[in-house]
>>> print(open('target20.cif').read())   # mmCIF, C-alpha atoms
data_start
loop_
_atom_site.label_atom_id
_atom_site.label_comp_id
_atom_site.auth_asym_id
_atom_site.auth_seq_id
_atom_site.Cartn_x
_atom_site.Cartn_y
_atom_site.Cartn_z
CA MET A 1 -32.58 13.83 25.88
CA LEU A 2 -29.38 14.42 23.91
CA ASP A 3 -27.36 14.66 27.12
CA ILE A 4 -28.53 11.17 28.13
CA ILE A 5 -27.49 9.76 24.75
CA LYS A 6 -24.10 11.49 24.94
CA ALA A 7 -23.55 10.15 28.46
CA ILE A 8 -24.33 6.58 27.40
CA GLU A 9 -22.07 6.88 24.32
CA ALA A 10 -19.24 8.36 26.40
CA GLU A 11 -19.06 5.32 28.67
CA GLN A 12 -19.02 2.93 25.67
CA ILE A 13 -15.99 4.57 23.98
CA LYS A 14 -12.73 2.66 24.40
CA LYS A 15 -9.95 4.60 26.09
CA ASP A 16 -6.95 2.45 25.13
CA VAL A 17 -7.22 2.60 21.31
CA THR A 18 -3.92 2.61 19.40
CA GLU A 19 -3.41 5.74 17.28
CA PHE A 20 -3.24 4.93 13.55
CA ASN A 21 -3.95 6.70 10.26
CA VAL A 22 -4.95 5.94 6.69
CA GLY A 23 -2.11 4.20 4.86
CA ASP A 24 -0.81 2.36 7.92
CA THR A 25 -0.52 -1.41 7.90
CA VAL A 26 -2.31 -2.73 10.96
CA ARG A 27 -2.94 -6.09 12.59
CA ILE A 28 -6.38 -6.37 14.17
CA ASP A 29 -7.15 -9.18 16.61
CA VAL A 30 -10.83 -9.98 16.13
CA ARG A 31 -12.85 -12.14 18.50
CA ILE A 32 -14.71 -14.81 16.49
CA LYS A 33 -17.45 -17.04 17.85
CA GLU A 34 -17.80 -20.55 16.43
CA GLY A 35 -20.64 -22.43 18.05
CA ASN A 36 -19.99 -22.17 21.77
CA LYS A 37 -16.24 -21.59 21.40
CA GLU A 38 -14.52 -18.24 21.04
CA ARG A 39 -11.15 -17.57 19.47
CA ILE A 40 -9.05 -14.62 18.32
CA GLN A 41 -8.15 -14.28 14.64
CA ALA A 42 -5.71 -11.72 13.25
CA PHE A 43 -6.54 -9.64 10.17
CA GLU A 44 -3.62 -7.69 8.74
CA GLY A 45 -3.81 -5.14 5.96
CA THR A 46 -3.65 -1.51 4.88
CA VAL A 47 -6.11 1.02 6.30
CA ILE A 48 -7.85 2.54 3.25
CA LYS A 49 -10.35 4.74 5.07
CA LYS A 50 -11.44 6.06 8.45
CA GLN A 51 -14.84 7.65 8.87
CA ASN A 52 -17.25 9.17 11.38
CA GLY A 53 -16.19 9.98 14.91
CA GLY A 54 -16.92 9.26 18.52
CA ILE A 55 -18.77 6.01 19.18
CA ARG A 56 -19.58 5.42 15.48
CA GLU A 57 -15.98 5.63 14.25
CA THR A 58 -15.09 2.88 11.77
CA PHE A 59 -12.11 1.99 9.62
CA THR A 60 -11.71 -0.25 6.58
CA VAL A 61 -8.72 -2.54 6.12
CA ARG A 62 -7.75 -4.06 2.78
CA ARG A 63 -5.53 -7.05 2.11
CA VAL A 64 -4.98 -9.44 -0.77
CA ALA A 65 -5.59 -13.08 0.19
CA TYR A 66 -4.95 -15.81 -2.38
CA GLY A 67 -5.05 -13.28 -5.23
CA THR A 68 -8.37 -11.81 -4.16
CA GLY A 69 -8.79 -8.41 -2.52
CA VAL A 70 -10.55 -8.60 0.84
CA GLU A 71 -11.85 -5.53 2.67
CA ARG A 72 -13.28 -5.52 6.16
CA THR A 73 -14.81 -2.62 8.04
CA PHE A 74 -14.35 -2.58 11.80
CA PRO A 75 -15.96 -0.32 14.40
CA ILE A 76 -13.11 1.00 16.57
CA ASN A 77 -15.17 0.79 19.76
CA SER A 78 -16.55 -2.71 19.14
CA PRO A 79 -16.02 -5.29 21.90
CA LEU A 80 -15.20 -7.81 19.13
CA VAL A 81 -12.07 -5.83 18.22
CA GLU A 82 -9.62 -7.11 20.83
CA ASN A 83 -6.45 -5.26 19.83
CA ILE A 84 -5.10 -3.00 17.07
CA LYS A 85 -1.35 -3.04 16.41
CA VAL A 86 0.41 -0.79 13.89
CA VAL A 87 2.87 -2.92 11.89
CA ARG A 88 4.21 -0.07 9.75
CA ARG A 89 3.34 3.56 9.14
CA GLY A 90 2.41 4.64 5.62
CA LYS A 91 3.10 7.91 3.87
CA VAL A 92 -0.01 8.98 1.94
CA ARG A 93 -1.34 12.28 0.66
CA ARG A 94 -5.07 11.63 0.76
CA ALA A 95 -7.75 10.55 3.22
CA LYS A 96 -9.28 7.68 1.25
CA LEU A 97 -7.13 5.16 -0.64
CA TYR A 98 -9.78 3.71 -2.95
CA TYR A 99 -7.28 3.77 -5.83
CA LEU A 100 -5.54 0.74 -4.26
CA ARG A 101 -8.50 -1.38 -5.38
CA ASP A 102 -7.44 -1.01 -9.02
CA ARG A 103 -3.77 -1.77 -8.39
CA VAL A 104 -2.11 -5.18 -8.37
CA GLY A 105 1.19 -6.39 -6.93
CA LYS A 106 3.91 -3.88 -6.08
CA ALA A 107 1.83 -1.00 -7.50
CA ALA A 108 -0.60 -1.50 -4.60
CA LYS A 109 2.10 -0.76 -2.01
CA VAL A 110 2.08 2.32 0.19
CA ARG A 111 5.44 4.01 0.89
CA GLU A 112 6.69 3.72 4.45
CA LEU A 113 6.82 6.82 6.60
CA ILE A 114 10.28 7.32 8.08
CA ARG A 115 10.27 9.58 11.12
#
>>> encode(input="target20.cif", output="structure tokens")
Amino acid sequence: MLDIIKAIEAEQIKKDVTEFNVGDTVRIDVRIKEGNKERIQAFEGTVIKKQNGGIRETFTVRRVAYGTGVERTFPINSPLVENIKVVRRGKVRRAKLYYLRDRVGKAAKVRELIR
């Protein structure tokens, strides 16, 4: 029974996912359906958490739009997530960046990782 579930999940996992970590600024192209039309909308922000693994892996992206903090959680393997592009790498020392929710302006910035 479990082998069947694992086999089905294995074929659903995307193979061409861009490697990114918490703290990175990413641009996600999301497929949005409006009526009978479909379009792609970009959502750019800082990755504040990644969780789970395998087929259930999700990540949350935070950005400030018009003075209001907006967070969206995306499943990595969703067919609605068209493309993930890393804009800049961030240097962070923890796995979850919930403290960014309390910060405003330049204090909410993540230092860039220089390799």
>>> residues_around(input="target20.cif", residues="segment 44-57 of chain A", least_positions_apart="5", cutoff="6 Å", atoms="all atoms listed in the file", output="ChimeraX atom specification")
/A:13,22-27,62-63,75-76,96-97
>>> closest_residue(input="target20.cif", among="A:Ile32, A:Val81, A:Ile114, A:Val104", to="Thr68 of chain A", atoms="only C-alpha atoms")
A:Val104
>>> atom_distance(input="target20.cif", atom1="atom CA of Ala10 of chain A", atom2="atom CA of Phe59 of chain A")
19.3 Å
>>> axis_aligned_box(input="target20.cif", around="segment 43-61 of chain A", padding_each_side="3 Å", output="JSON")
{"center_x": -11.6, "center_y": 0.2, "center_z": 11.2, "size_x": 22.0, "size_y": 25.6, "size_z": 21.9}
>>> atom_distance(input="target20.cif", atom1="atom CA of Val61 of chain A", atom2="atom CA of Pro79 of chain A")
17.6 Å
>>> closest_residue(input="target20.cif", among="A:Leu2, A:Val64, A:Val87, A:Val17", to="Ala108 of chain A", atoms="only C-alpha atoms")
A:Val64
>>> atom_distance(input="target20.cif", atom1="atom CA of Arg88 of chain A", atom2="atom CA of Arg115 of chain A")
11.5 Å
>>> closest_residue(input="target20.cif", among="A:Glu19, A:Tyr98, A:Asn83, A:Gln12", to="Thr60 of chain A", atoms="only C-alpha atoms")
A:Tyr98
>>> closest_residue(input="target20.cif", among="A:Val30, A:Thr73, A:Glu9, A:Asn21", to="Leu113 of chain A", atoms="only C-alpha atoms")
A:Asn21
>>> decode(input="target20.cif", residues="segment 61-76 of chain A", atoms="all heavy atoms", output="mmCIF file, in the first residue's frame")
data_model
loop_
_atom_site.group_PDB
_atom_site.id
_atom_site.type_symbol
_atom_site.label_atom_id
_atom_site.label_comp_id
_atom_site.auth_asym_id
_atom_site.auth_seq_id
_atom_site.Cartn_x
_atom_site.Cartn_y
_atom_site.Cartn_z
ATOM 1 N N VAL A 61 6.638 33.063 1.247
ATOM 2 C CA VAL A 61 7.329 34.256 0.758
ATOM 3 C C VAL A 61 6.619 35.479 1.318
ATOM 4 O O VAL A 61 5.394 35.553 1.314
ATOM 5 C CB VAL A 61 7.324 34.288 -0.791
ATOM 6 C CG1 VAL A 61 8.027 35.525 -1.296
ATOM 7 C CG2 VAL A 61 7.971 33.045 -1.343
ATOM 8 N N ARG A 62 7.411 36.428 1.814
ATOM 9 C CA ARG A 62 6.868 37.652 2.404
ATOM 10 C C ARG A 62 7.343 38.857 1.621
ATOM 11 O O ARG A 62 8.501 38.951 1.234
ATOM 12 C CB ARG A 62 7.323 37.782 3.853
ATOM 13 C CG ARG A 62 6.826 39.059 4.522
ATOM 14 C CD ARG A 62 7.288 39.154 5.967
ATOM 15 N NE ARG A 62 6.918 40.423 6.550
ATOM 16 C CZ ARG A 62 5.718 40.703 7.043
ATOM 17 N NH1 ARG A 62 4.782 39.789 7.018
ATOM 18 N NH2 ARG A 62 5.455 41.888 7.554
ATOM 19 N N ARG A 63 6.435 39.788 1.383
ATOM 20 C CA ARG A 63 6.786 41.064 0.778
ATOM 21 C C ARG A 63 5.905 42.141 1.373
ATOM 22 O O ARG A 63 4.858 41.844 1.958
ATOM 23 C CB ARG A 63 6.620 41.017 -0.734
ATOM 24 C CG ARG A 63 5.177 40.907 -1.166
ATOM 25 C CD ARG A 63 5.037 40.790 -2.640
ATOM 26 N NE ARG A 63 4.761 42.083 -3.221
ATOM 27 C CZ ARG A 63 4.228 42.247 -4.412
ATOM 28 N NH1 ARG A 63 3.939 41.203 -5.165
ATOM 29 N NH2 ARG A 63 3.983 43.439 -4.870
ATOM 30 N N VAL A 64 6.324 43.382 1.241
ATOM 31 C CA VAL A 64 5.520 44.502 1.716
ATOM 32 C C VAL A 64 4.959 45.212 0.496
ATOM 33 O O VAL A 64 5.716 45.697 -0.346
ATOM 34 C CB VAL A 64 6.350 45.465 2.588
ATOM 35 C CG1 VAL A 64 5.512 46.645 3.014
ATOM 36 C CG2 VAL A 64 6.890 44.739 3.799
ATOM 37 N N ALA A 65 3.627 45.221 0.377
ATOM 38 C CA ALA A 65 2.956 45.860 -0.753
ATOM 39 C C ALA A 65 2.070 46.976 -0.229
ATOM 40 O O ALA A 65 1.177 46.734 0.582
ATOM 41 C CB ALA A 65 2.129 44.832 -1.510
ATOM 42 N N TYR A 66 2.354 48.197 -0.662
ATOM 43 C CA TYR A 66 1.587 49.380 -0.255
ATOM 44 C C TYR A 66 1.522 49.518 1.260
ATOM 45 O O TYR A 66 0.468 49.783 1.835
ATOM 46 C CB TYR A 66 0.178 49.352 -0.853
ATOM 47 C CG TYR A 66 0.180 49.239 -2.347
ATOM 48 C CD1 TYR A 66 -0.136 48.049 -2.994
ATOM 49 C CD2 TYR A 66 0.527 50.338 -3.137
ATOM 50 C CE1 TYR A 66 -0.107 47.949 -4.368
ATOM 51 C CE2 TYR A 66 0.551 50.253 -4.525
ATOM 52 C CZ TYR A 66 0.231 49.061 -5.127
ATOM 53 O OH TYR A 66 0.257 48.967 -6.486
ATOM 54 N N GLY A 67 2.653 49.252 1.927
ATOM 55 C CA GLY A 67 2.741 49.423 3.376
ATOM 56 C C GLY A 67 2.155 48.282 4.182
ATOM 57 O O GLY A 67 2.128 48.341 5.409
ATOM 58 N N THR A 68 1.666 47.260 3.525
ATOM 59 C CA THR A 68 1.076 46.121 4.218
ATOM 60 C C THR A 68 1.890 44.869 3.919
ATOM 61 O O THR A 68 2.220 44.608 2.762
ATOM 62 C CB THR A 68 -0.376 45.887 3.737
ATOM 63 O OG1 THR A 68 -1.097 47.107 3.856
ATOM 64 C CG2 THR A 68 -1.063 44.819 4.560
ATOM 65 N N GLY A 69 2.198 44.093 4.946
ATOM 66 C CA GLY A 69 2.934 42.851 4.754
ATOM 67 C C GLY A 69 2.027 41.782 4.164
ATOM 68 O O GLY A 69 0.921 41.564 4.636
ATOM 69 N N VAL A 70 2.506 41.138 3.106
ATOM 70 C CA VAL A 70 1.738 40.086 2.440
ATOM 71 C C VAL A 70 2.583 38.821 2.439
ATOM 72 O O VAL A 70 3.739 38.852 2.025
ATOM 73 C CB VAL A 70 1.394 40.480 0.988
ATOM 74 C CG1 VAL A 70 0.649 39.350 0.291
ATOM 75 C CG2 VAL A 70 0.599 41.759 0.953
ATOM 76 N N GLU A 71 2.012 37.723 2.921
ATOM 77 C CA GLU A 71 2.709 36.440 2.910
ATOM 78 C C GLU A 71 1.886 35.441 2.116
ATOM 79 O O GLU A 71 0.674 35.368 2.278
ATOM 80 C CB GLU A 71 2.895 35.910 4.338
ATOM 81 C CG GLU A 71 3.909 36.668 5.125
ATOM 82 C CD GLU A 71 4.129 36.103 6.515
ATOM 83 O OE1 GLU A 71 3.651 34.969 6.789
ATOM 84 O OE2 GLU A 71 4.757 36.783 7.327
ATOM 85 N N ARG A 72 2.577 34.705 1.260
ATOM 86 C CA ARG A 72 1.914 33.648 0.499
ATOM 87 C C ARG A 72 2.703 32.364 0.643
ATOM 88 O O ARG A 72 3.920 32.381 0.602
ATOM 89 C CB ARG A 72 1.825 34.003 -0.980
ATOM 90 C CG ARG A 72 0.643 34.900 -1.288
ATOM 91 C CD ARG A 72 0.466 35.103 -2.770
ATOM 92 N NE ARG A 72 -0.123 33.925 -3.415
ATOM 93 C CZ ARG A 72 -0.428 33.895 -4.713
ATOM 94 N NH1 ARG A 72 -0.204 34.939 -5.474
ATOM 95 N NH2 ARG A 72 -0.949 32.809 -5.242
ATOM 96 N N THR A 73 1.988 31.260 0.810
ATOM 97 C CA THR A 73 2.610 29.950 0.905
ATOM 98 C C THR A 73 2.366 29.204 -0.393
ATOM 99 O O THR A 73 1.231 29.116 -0.860
ATOM 100 C CB THR A 73 2.029 29.169 2.092
ATOM 101 O OG1 THR A 73 2.253 29.931 3.282
ATOM 102 C CG2 THR A 73 2.707 27.822 2.241
ATOM 103 N N PHE A 74 3.450 28.703 -0.976
ATOM 104 C CA PHE A 74 3.369 27.987 -2.247
ATOM 105 C C PHE A 74 3.850 26.556 -2.071
ATOM 106 O O PHE A 74 4.887 26.327 -1.454
ATOM 107 C CB PHE A 74 4.277 28.642 -3.297
ATOM 108 C CG PHE A 74 3.943 30.072 -3.602
ATOM 109 C CD1 PHE A 74 4.656 31.102 -3.011
ATOM 110 C CD2 PHE A 74 2.946 30.385 -4.499
ATOM 111 C CE1 PHE A 74 4.365 32.417 -3.296
ATOM 112 C CE2 PHE A 74 2.647 31.705 -4.798
ATOM 113 C CZ PHE A 74 3.352 32.720 -4.196
ATOM 114 N N PRO A 75 3.135 25.579 -2.637
ATOM 115 C CA PRO A 75 3.690 24.233 -2.726
ATOM 116 C C PRO A 75 4.718 24.216 -3.860
ATOM 117 O O PRO A 75 4.435 24.705 -4.957
ATOM 118 C CB PRO A 75 2.491 23.357 -3.085
ATOM 119 C CG PRO A 75 1.287 24.231 -2.961
ATOM 120 C CD PRO A 75 1.753 25.630 -3.071
ATOM 121 N N ILE A 76 5.897 23.681 -3.607
ATOM 122 C CA ILE A 76 6.959 23.679 -4.618
ATOM 123 C C ILE A 76 6.539 22.868 -5.835
ATOM 124 O O ILE A 76 6.821 23.246 -6.966
ATOM 125 C CB ILE A 76 8.268 23.131 -4.007
ATOM 126 C CG1 ILE A 76 8.876 24.191 -3.097
ATOM 127 C CG2 ILE A 76 9.257 22.722 -5.086
ATOM 128 C CD1 ILE A 76 10.164 23.809 -2.447
#
